[in-house]
Every structure is written in C-alpha cells, then in structure tokens.
>>> print(open('input13.txt').read())   # compact mmCIF, C-alpha atoms
# COMPACT_ATOMS: atom_id res chain seq x y z
CA MET R 1 72.82 157.66 47.25
CA ALA R 2 75.40 157.57 50.07
CA THR R 3 75.75 153.82 49.64
CA GLU R 4 76.29 154.21 45.88
CA MET R 5 78.98 156.88 46.43
CA HIS R 6 80.70 154.61 48.97
CA ARG R 7 80.73 151.77 46.45
CA ALA R 8 82.13 154.08 43.80
CA ARG R 9 85.04 155.04 46.04
CA ARG R 10 85.82 151.45 47.07
CA THR R 11 89.35 150.37 46.12
CA PRO R 12 89.30 147.64 43.46
CA THR R 13 90.32 144.17 44.64
CA PRO R 14 93.90 143.49 43.51
CA THR R 15 94.25 140.76 40.88
CA ILE R 16 97.04 138.93 39.10
CA LYS R 17 96.86 141.69 36.49
CA THR R 18 97.52 144.23 39.28
CA LEU R 19 100.66 142.34 40.28
CA ALA R 20 101.79 142.16 36.65
CA GLU R 21 101.46 145.93 36.29
CA MET R 22 103.35 146.52 39.55
CA THR R 23 106.26 144.19 38.85
CA GLY R 24 106.52 144.23 35.08
CA TYR R 25 106.30 140.45 34.88
CA SER R 26 103.79 138.68 32.63
CA ILE R 27 100.52 137.33 33.96
CA ALA R 28 101.80 133.82 33.18
CA THR R 29 104.91 134.37 35.32
CA ILE R 30 102.84 135.84 38.16
CA SER R 31 100.48 132.87 38.06
CA LYS R 32 103.36 130.37 38.10
CA ALA R 33 105.04 132.15 40.99
CA LEU R 34 101.86 132.17 43.08
CA ARG R 35 101.43 128.45 42.67
CA GLU R 36 105.09 127.92 43.60
CA SER R 37 106.19 126.59 40.23
CA PRO R 38 109.91 125.62 40.24
CA VAL R 39 110.39 127.28 36.82
CA VAL R 40 110.20 130.73 38.47
CA ALA R 41 113.52 131.91 39.89
CA PRO R 42 113.51 132.44 43.69
CA ALA R 43 114.47 136.13 43.30
CA THR R 44 111.55 136.70 40.91
CA ARG R 45 109.18 134.88 43.20
CA ASP R 46 110.29 137.03 46.14
CA ILE R 47 109.55 140.23 44.19
CA ILE R 48 106.09 138.99 43.25
CA TYR R 49 105.32 137.87 46.81
CA LYS R 50 106.43 141.24 48.16
CA ALA R 51 104.12 143.04 45.73
CA ALA R 52 101.27 140.72 46.66
CA ARG R 53 101.73 141.53 50.35
CA GLU R 54 101.88 145.27 49.67
CA VAL R 55 98.51 145.38 47.92
CA GLY R 56 96.86 142.71 50.06
CA TYR R 57 96.43 140.25 47.19
CA GLN R 58 94.46 137.15 48.19
CA ALA R 59 94.55 134.17 45.84
CA ASN R 60 91.20 132.60 45.07
CA ALA R 61 91.17 129.63 47.42
CA ARG R 62 89.04 127.42 45.20
CA GLY R 63 91.15 128.17 42.14
CA MET R 64 94.38 127.60 44.03
CA ALA R 65 93.04 124.28 45.32
CA LEU R 66 92.17 123.14 41.79
CA ARG R 67 95.59 124.13 40.46
CA THR R 68 97.78 122.90 43.31
CA GLY R 69 95.77 120.14 44.94
CA LYS R 70 96.06 122.00 48.27
CA SER R 71 93.18 123.06 50.50
CA PHE R 72 95.26 125.70 52.32
CA GLN R 73 93.56 124.57 55.52
CA ALA R 74 95.46 123.68 58.69
CA ALA R 75 93.13 121.52 60.76
CA VAL R 76 93.09 121.42 64.56
CA LEU R 77 91.22 118.78 66.55
CA MET R 78 89.72 120.50 69.59
CA PRO R 79 88.33 118.23 72.32
CA VAL R 80 85.16 119.48 74.00
CA THR R 81 83.57 117.41 76.74
CA ALA R 82 79.91 116.43 76.50
CA ALA R 83 79.63 116.36 80.29
CA ARG R 84 77.36 118.96 81.85
CA ASP R 85 78.68 121.58 84.26
CA TYR R 86 82.31 120.68 83.49
CA GLU R 87 84.63 123.29 84.97
CA TRP R 88 87.66 124.98 83.44
CA ASP R 89 87.04 123.55 79.97
CA GLY R 90 88.57 125.42 77.04
CA VAL R 91 90.90 127.94 78.72
CA GLU R 92 94.08 126.19 77.57
CA TYR R 93 92.67 125.48 74.12
CA THR R 94 91.94 129.16 73.52
CA GLN R 95 95.58 130.05 74.12
CA THR R 96 96.78 127.10 72.04
CA LEU R 97 94.62 128.26 69.12
CA SER R 98 95.96 131.79 69.57
CA GLY R 99 99.54 130.55 69.28
CA ILE R 100 98.76 128.48 66.17
CA SER R 101 96.98 131.45 64.62
CA GLN R 102 100.05 133.64 65.20
CA ALA R 103 102.21 131.11 63.36
CA LEU R 104 99.82 130.98 60.38
CA ASP R 105 99.46 134.76 60.18
CA GLY R 106 100.83 136.12 56.93
CA THR R 107 100.63 132.76 55.12
CA ASP R 108 98.00 131.41 52.72
CA TYR R 109 96.84 128.94 55.37
CA ARG R 110 93.72 129.28 57.45
CA MET R 111 92.97 127.31 60.58
CA SER R 112 89.93 125.01 60.60
CA VAL R 113 88.82 123.73 64.01
CA HIS R 114 87.18 120.30 64.22
CA VAL R 115 85.40 119.69 67.53
CA ILE R 116 85.74 116.15 68.89
CA ARG R 117 84.28 114.45 71.95
CA ASP R 118 86.80 111.71 72.73
CA ALA R 119 89.73 109.71 71.35
CA ALA R 120 87.53 107.53 69.11
CA ASP R 121 85.83 110.62 67.69
CA GLY R 122 89.27 112.15 67.12
CA ALA R 123 90.44 109.08 65.18
CA GLU R 124 87.34 109.27 62.96
CA ALA R 125 87.89 112.99 62.37
CA ALA R 126 91.53 112.39 61.39
CA ARG R 127 90.49 109.67 58.93
CA ARG R 128 87.84 111.96 57.42
CA ILE R 129 90.33 114.83 57.01
CA VAL R 130 92.81 112.55 55.23
CA ASP R 131 90.30 110.75 53.01
CA GLN R 132 88.34 113.84 51.98
CA GLY R 133 91.32 116.16 51.66
CA LEU R 134 89.77 118.62 54.11
CA ALA R 135 93.17 119.99 55.16
CA ASP R 136 96.83 119.88 54.21
CA GLY R 137 97.99 119.24 57.76
CA LEU R 138 96.68 118.44 61.23
CA ILE R 139 97.39 119.39 64.86
CA PHE R 140 95.94 117.51 67.84
CA SER R 141 96.53 116.88 71.54
CA GLY R 142 95.38 114.50 74.28
CA ILE R 143 97.86 111.87 73.11
CA LEU R 144 97.18 108.31 74.23
CA ALA R 145 99.93 105.84 75.15
CA GLU R 146 98.94 104.02 71.96
CA ASP R 147 97.26 106.63 69.78
CA PRO R 148 95.37 105.47 66.64
CA ARG R 149 95.60 108.98 65.14
CA ILE R 150 99.39 108.86 65.13
CA ASP R 151 99.37 105.33 63.70
CA LEU R 152 97.03 106.43 60.89
CA LEU R 153 98.82 109.64 59.96
CA VAL R 154 102.30 108.09 60.01
CA THR R 155 101.06 105.25 57.77
CA GLU R 156 99.39 107.70 55.38
CA HIS R 157 102.43 110.04 55.36
CA PHE R 158 100.03 112.88 56.15
CA PRO R 159 101.61 116.06 57.60
CA PHE R 160 100.78 116.50 61.29
CA VAL R 161 102.20 117.76 64.57
CA SER R 162 101.02 116.33 67.88
CA MET R 163 100.91 118.13 71.20
CA GLY R 164 102.42 115.28 73.17
CA ARG R 165 104.09 111.94 72.42
CA CYS R 166 102.73 108.41 72.36
CA ARG R 167 104.76 105.50 73.74
CA LYS R 168 105.56 103.95 70.38
CA ASP R 169 108.90 104.41 68.63
CA LEU R 170 107.63 106.28 65.55
CA ASP R 171 109.01 109.18 63.54
CA TYR R 172 106.62 112.14 63.69
CA ALA R 173 106.65 115.86 64.44
CA HIS R 174 105.69 116.81 67.98
CA VAL R 175 105.77 119.49 70.66
CA ASP R 176 105.62 118.44 74.28
CA ILE R 177 106.27 119.23 77.92
CA ASP R 178 108.87 117.09 79.67
CA ASN R 179 106.29 115.73 82.08
CA GLU R 180 108.58 113.05 83.46
CA TRP R 181 111.14 115.69 84.37
CA ALA R 182 108.53 118.07 85.82
CA ALA R 183 106.96 115.42 88.06
CA HIS R 184 110.40 114.26 89.15
CA ALA R 185 111.58 117.81 89.93
CA ALA R 186 108.45 118.64 91.94
CA THR R 187 108.56 115.37 93.89
CA ALA R 188 112.31 115.56 94.54
CA ARG R 189 111.88 119.12 95.86
CA LEU R 190 109.29 117.92 98.36
CA ILE R 191 111.35 114.89 99.37
CA ALA R 192 114.31 117.18 100.00
CA GLY R 193 112.02 119.22 102.24
CA GLY R 194 111.28 116.20 104.41
CA HIS R 195 108.07 114.92 102.85
CA ARG R 196 107.52 111.20 102.44
CA ARG R 197 103.75 110.90 101.98
CA ILE R 198 103.32 112.85 98.74
CA ALA R 199 100.12 112.64 96.69
CA LEU R 200 100.15 112.84 92.88
CA VAL R 201 96.95 114.26 91.37
CA ASN R 202 97.18 112.94 87.83
CA PRO R 203 95.29 112.34 84.57
CA GLU R 204 93.98 108.90 83.62
CA ARG R 205 96.71 106.39 82.71
CA ARG R 206 95.43 105.92 79.16
CA LEU R 207 97.02 109.33 78.43
CA SER R 208 100.70 109.11 77.60
CA TYR R 209 101.77 112.09 79.71
CA ALA R 210 100.02 110.60 82.77
CA LEU R 211 102.41 107.65 82.56
CA ASP R 212 105.33 110.05 82.11
CA ARG R 213 104.39 111.83 85.32
CA ILE R 214 104.09 108.58 87.26
CA ASP R 215 107.55 107.60 85.97
CA GLY R 216 109.02 110.89 87.24
CA PHE R 217 107.21 110.60 90.57
CA VAL R 218 108.51 107.07 91.15
CA ARG R 219 112.04 107.94 90.00
CA ALA R 220 112.32 110.74 92.57
CA PHE R 221 111.54 108.33 95.41
CA ARG R 222 113.81 105.64 94.01
CA GLU R 223 116.74 108.05 93.78
CA ALA R 224 116.12 109.02 97.42
CA GLY R 225 116.21 105.34 98.45
CA LEU R 226 112.50 105.38 99.30
CA ASP R 227 109.42 103.47 98.20
CA ALA R 228 106.97 105.61 96.25
CA PRO R 229 103.53 105.87 97.91
CA MET R 230 101.58 104.35 95.01
CA ASP R 231 98.42 104.48 97.13
CA LEU R 232 98.57 108.27 96.87
CA ILE R 233 98.20 108.50 93.06
CA ALA R 234 94.79 109.84 92.03
CA GLU R 235 93.59 109.59 88.41
CA GLY R 236 90.74 111.61 86.98
CA ASP R 237 89.34 114.09 84.47
CA LEU R 238 91.45 117.08 85.68
CA SER R 239 88.40 119.07 86.74
CA THR R 240 88.30 121.22 89.87
CA HIS R 241 85.79 118.78 91.35
CA PHE R 242 88.21 115.90 90.82
CA GLY R 243 91.04 117.78 92.57
CA ARG R 244 88.82 118.63 95.53
CA GLN R 245 87.56 115.07 95.92
CA ALA R 246 91.08 113.63 95.62
CA ALA R 247 92.29 115.85 98.49
CA ILE R 248 89.31 114.97 100.68
CA ASP R 249 89.71 111.24 99.99
CA PHE R 250 93.43 111.24 100.71
CA LEU R 251 92.92 113.03 104.02
CA GLN R 252 90.70 110.15 105.17
CA VAL R 253 93.43 107.49 104.93
CA GLU R 254 95.42 106.35 107.95
CA GLU R 255 98.70 107.92 106.80
CA THR R 256 97.62 111.18 105.23
CA PRO R 257 99.77 113.01 102.68
CA THR R 258 101.82 116.02 103.79
CA ALA R 259 102.19 117.32 100.23
CA PHE R 260 100.47 117.30 96.82
CA VAL R 261 101.84 117.47 93.28
CA CYS R 262 99.06 118.63 90.94
CA ILE R 263 98.84 118.30 87.17
CA ASN R 264 97.19 121.65 86.35
CA GLU R 265 95.61 124.80 87.75
CA SER R 266 92.11 123.34 87.81
CA THR R 267 93.01 120.34 89.96
CA THR R 268 95.20 122.56 92.16
CA LEU R 269 92.26 124.87 92.85
CA GLY R 270 90.19 121.82 93.77
CA VAL R 271 92.91 120.47 96.06
CA LEU R 272 93.13 123.84 97.86
CA SER R 273 89.36 123.83 98.27
CA GLY R 274 89.38 120.29 99.67
CA LEU R 275 92.20 121.04 102.07
CA GLY R 276 90.52 124.22 103.23
CA SER R 277 87.22 122.45 103.82
CA LEU R 278 89.02 120.13 106.25
CA GLY R 279 90.85 122.95 108.00
CA ARG R 280 94.29 122.27 106.51
CA GLN R 281 96.52 125.30 105.86
CA ILE R 282 98.94 125.51 102.93
CA GLY R 283 102.51 125.98 104.13
CA VAL R 284 101.53 124.99 107.67
CA ASP R 285 99.82 121.59 107.51
CA VAL R 286 100.47 120.64 103.91
CA ASP R 287 102.48 121.79 100.87
CA VAL R 288 101.28 121.94 97.27
CA ILE R 289 103.20 122.22 93.98
CA ALA R 290 101.29 122.91 90.75
CA TYR R 291 101.88 122.95 87.02
CA ASP R 292 100.70 126.08 85.19
CA ASP R 293 100.31 127.13 81.60
CA ILE R 294 98.34 130.34 82.18
CA ASN R 295 99.95 131.35 85.50
CA VAL R 296 96.75 131.35 87.55
CA SER R 297 98.49 129.96 90.65
CA ALA R 298 100.09 133.37 91.27
CA TYR R 299 96.62 134.47 92.41
CA PHE R 300 95.84 131.54 94.69
CA THR R 301 95.78 132.20 98.44
CA PRO R 302 98.50 131.63 99.34
CA PRO R 303 100.35 131.70 96.00
CA ILE R 304 101.53 128.20 95.09
CA THR R 305 104.94 126.99 93.94
CA THR R 306 104.59 126.23 90.23
CA PHE R 307 106.32 124.74 87.23
CA TYR R 308 105.29 127.21 84.52
CA GLN R 309 105.23 126.87 80.73
CA PRO R 310 103.19 129.42 78.72
CA ILE R 311 100.87 127.46 76.47
CA GLU R 312 100.81 130.17 73.80
CA VAL R 313 104.47 129.35 73.08
CA LEU R 314 103.52 125.71 72.60
CA GLY R 315 100.73 126.70 70.21
CA ARG R 316 103.02 128.94 68.18
CA THR R 317 105.61 126.16 67.89
CA LEU R 318 102.90 123.71 66.81
CA GLY R 319 101.87 126.09 64.01
CA GLN R 320 105.44 126.74 62.91
CA PHE R 321 106.24 123.04 62.79
CA LEU R 322 103.06 122.26 60.85
CA LEU R 323 103.93 124.84 58.19
CA ARG R 324 107.37 123.30 57.79
CA ARG R 325 105.92 119.77 57.74
CA MET R 326 103.45 120.74 55.02
CA GLU R 327 106.38 122.11 53.04
CA GLY R 328 108.02 118.69 53.21
CA ASP R 329 110.47 119.00 56.13
CA ASP R 330 111.54 115.74 57.75
CA PRO R 331 109.38 115.11 60.86
CA VAL R 332 112.46 113.98 62.78
CA ALA R 333 113.75 117.57 62.57
CA LEU R 334 110.47 118.91 63.97
CA ARG R 335 110.53 117.87 67.60
CA GLN R 336 110.70 120.10 70.65
CA VAL R 337 110.22 119.18 74.29
CA PHE R 338 109.96 122.11 76.73
CA ARG R 339 111.01 122.04 80.36
CA PRO R 340 108.86 124.37 82.45
CA THR R 341 110.35 127.00 84.73
CA LEU R 342 110.18 126.62 88.51
CA ILE R 343 108.48 129.56 90.22
CA ALA R 344 109.05 129.02 93.95
CA ARG R 345 106.40 130.79 96.03
CA GLN R 346 106.52 128.56 99.12
CA PRO R 347 109.46 126.89 100.91
CA ASP R 348 107.75 123.50 100.39
CA ASN R 349 109.36 121.83 103.40
CA LEU R 350 108.10 120.41 106.63
CA GLY R 351 110.37 122.57 108.80
CA GLY R 352 109.46 121.89 112.40
CA ARG R 353 106.34 119.94 111.46
CA LEU R 354 105.94 116.28 112.27
CA ILE R 355 107.26 114.13 109.41
CA GLN R 356 105.12 111.11 108.69
CA SER R 357 107.23 108.22 107.52
>>> encode(input="input13.txt", output="structure tokens")
Amino acid sequence: MATEMHRARRTPTPTIKTLAEMTGYSIATISKALRESPVVAPATRDIIYKAAREVGYQANARGMALRTGKSFQAAVLMPVTAARDYEWDGVEYTQTLSGISQALDGTDYRMSVHVIRDAADGAEAARRIVDQGLADGLIFSGILAEDPRIDLLVTEHFPFVSMGRCRKDLDYAHVDIDNEWAAHAATARLIAGGHRRIALVNPERRLSYALDRIDGFVRAFREAGLDAPMDLIAEGDLSTHFGRQAAIDFLQVEETPTAFVCINESTTLGVLSGLGSLGRQIGVDVDVIAYDDINVSAYFTPPITTFYQPIEVLGRTLGQFLLRRMEGDDPVALRQVFRPTLIARQPDNLGGRLIQS
C-alpha cells in the first residue's frame, strides 16, 4: 500500500508536451528546437531550453540519435596497465575524468570510458569508435611521438582533443603541459645552484612529452655552456619502483648525481626512498625537484620543490574543447599549453657542499 501511494504521488516525467504548455509554442516547434533545427529562431530556442532545464526535461537518447545522427556520447580512452602490483595507477586519471565531467555537466552529453591496455589497443578502440559511431567525440592521452590515433582521427575529420601533442605538424585540438619549458626551468634552477651532475628521471622516449623533457634538460646545459650528462637520463614506466631503482643505480656510478629532476610524484617518492636507503639526505647530500598534478610533494619529508599544475583544470579544458569541437569549431582555435607554477620548498643549491664537475 505504501509503495502504491508513493507511486501515486510521483511527479510525472516532463515531456515535449510539458514544454509546449509551459512556453506556448507548438509541439512541432519544441521538437525542432530540441534537435537544433536552424528554422527555430535563437531567442525561441533559448526560451525552450530554459524551460527544459527548469523542469529537468531529458530527451530520449535513442530518439535523439535517430533524428540527429548523434550518439551524445563523449568517449575517453583510459589506459589501465595489465601489470600486477603496479603502484600509483589511476590517481591522475580520476581527477582528469572529474574535470571532463564538470565540463559536460548541464549538456546532453554523457561520458563513456573505454579502458585500453596500450597504444595499439588505443588505436583499435579509436577506430572502433569512429566506424561504429559509438561517440561524437574522443579524448585521449599518452601521446606518442608518432601517434596512430591522431593520424586516424585527423584523416577521418572526427572531433577529438588530445592530452598532449605528437611530433607531427598536424592541425588538431589539444591540451598540454609545456614539458620542454618545465624540464628546462627545473634543470636551469639546479645549474644556477651549482649542480653539474643532474639526473633526469623520465618516461620512455616513445612518448612525445619524454622527448620534450629531454630537449629542455639539454637546452638548460647548453645555455650554461655545459655538456648535458646524458648518462644520467633514466627511462621507465613512471612507477615508484622505477624511481627508487633509478636513484639506486645512479648512486653506483663513478660520478654520482648531486640532484634529480623527476617527472611525477610517483617517481619522486621512489627516488626519495632510494636515496634514503643509501643514507643520502635531501637538501644536504642531494637536491630533488618534482612535477606535481595533485600536490602530493607538499607532504614528502622534507617537502620537495615542485612545478605544479592541477590536473583537474586540464580535464575541464579537455571537456570544454571537445564540446566546442563537436559543435564544429576549428581545431586550430582549440589549443592550450599550460606552464606549471614553481613552488619552491628547498633552496636547491649546493651551498658549501662539494661540487662534482
């Protein structure tokens, strides 16, 4: 009985007829406005949209798809490693998805997440999304120097926004971090502090931003009239284990590094662990500069100097750009490269320590 009474009191789901009664426009006009027909005046469409928002009207997705040819899905390729016991996986992606979701909030679009294992899997997923019409636009990251997903989507004129840039001269929408600038700024800071043997803990070179960071690292030494210590560039999977092993390995060489530039919080934590295991003290024996997107380094002991860029902002920009791209905006107008903010928590100089040269 209670259940029946509850059902009886339930507010009816608003329909096109509801909107017609609210606005005074015909059902035909309401229908045309909701499918964005150009025959409906913008002022009329705004009134109808406002009424739809007020009553929480939701268009039937299947019907809208049949009428407009749109899926109203914004697809995101989310890489998830198949390796067991992989540390730190997914923290950044959660905040990226949050930012994209914020951008889509209040629109007809819903986010669909497609889990991929590697670059080849990502290329297959992108092809499937395009061929089967599974989404109206696509967002993805982990950009390779030569990325088949970008080649495909540019050729197909399919709306997409990439988190990162490949090394080809192509016109496409993207959001990125100025990794060349960040690596240069961190390395130049350490060189100015007297360091010469600086280690770069980096991603694998197949990734475009890994090459950007090497370029910035080398440029800082070149501008200082010095040879870059190319023997101190470590490449790996960006796990905490990788960072720890890189630090331990570098401290076994004849001319050990006096400073480290790390690509993310995970590798930084590993580097600190490796240094600590060998009795090296941050700010006394060695200096470390990190890159953060969730500001974890503020809680390291001691807190580490960081170049900080909140990843949620990147995610929100990705979503905003994708909406505009799906509406037909020129991809050339949808490009933004962020420069992270320096948060200095250590002096990052050798001071009275012995400078290895």
>>> atom_distance(input="input13.txt", atom1="atom CA of Thr155 of chain R", atom2="atom CA of Arg324 of chain R")
19.1 Å
>>> atom_distance(input="input13.txt", atom1="atom CA of Val201 of chain R", atom2="atom CA of Ser277 of chain R")
17.8 Å
>>> atom_distance(input="input13.txt", atom1="atom CA of Ile233 of chain R", atom2="atom CA of Gly122 of chain R")
27.7 Å
>>> closest_residue(input="input13.txt", among="R:Glu235, R:Asp121, R:Glu254, R:Asp169", to="Asp151 of chain R", atoms="only C-alpha atoms")
R:Asp169
>>> residues_around(input="input13.txt", residues="Gly270 of chain R", least_positions_apart="4", cutoff="9 Å", atoms="all atoms listed in the file", output="compact mmCIF listing (two decimals) with C-alpha atoms, in the coordinates of the input")
# COMPACT_ATOMS: atom_id res chain seq x y z
CA SER R 239 88.40 119.07 86.74
CA THR R 240 88.30 121.22 89.87
CA HIS R 241 85.79 118.78 91.35
CA PHE R 242 88.21 115.90 90.82
CA GLY R 243 91.04 117.78 92.57
CA ARG R 244 88.82 118.63 95.53
CA GLN R 245 87.56 115.07 95.92
CA ALA R 246 91.08 113.63 95.62
CA ALA R 247 92.29 115.85 98.49
CA GLU R 265 95.61 124.80 87.75
CA SER R 266 92.11 123.34 87.81
CA GLY R 274 89.38 120.29 99.67
CA LEU R 275 92.20 121.04 102.07
>>> residues_around(input="input13.txt", residues="Ile150 of chain R", least_positions_apart="4", cutoff="10 Å", atoms="only C-alpha atoms", output="PyMOL selection string")
chain R and resi 123+126+140+143-144+146+154-156+158+160-162+165-166+168+170-172
>>> axis_aligned_box(input="input13.txt", around="segment 281-287 of chain R", padding_each_side="3 Å", output="JSON")
{"center_x": 99.5, "center_y": 123.3, "center_z": 104.3, "size_x": 12.0, "size_y": 11.3, "size_z": 12.8}
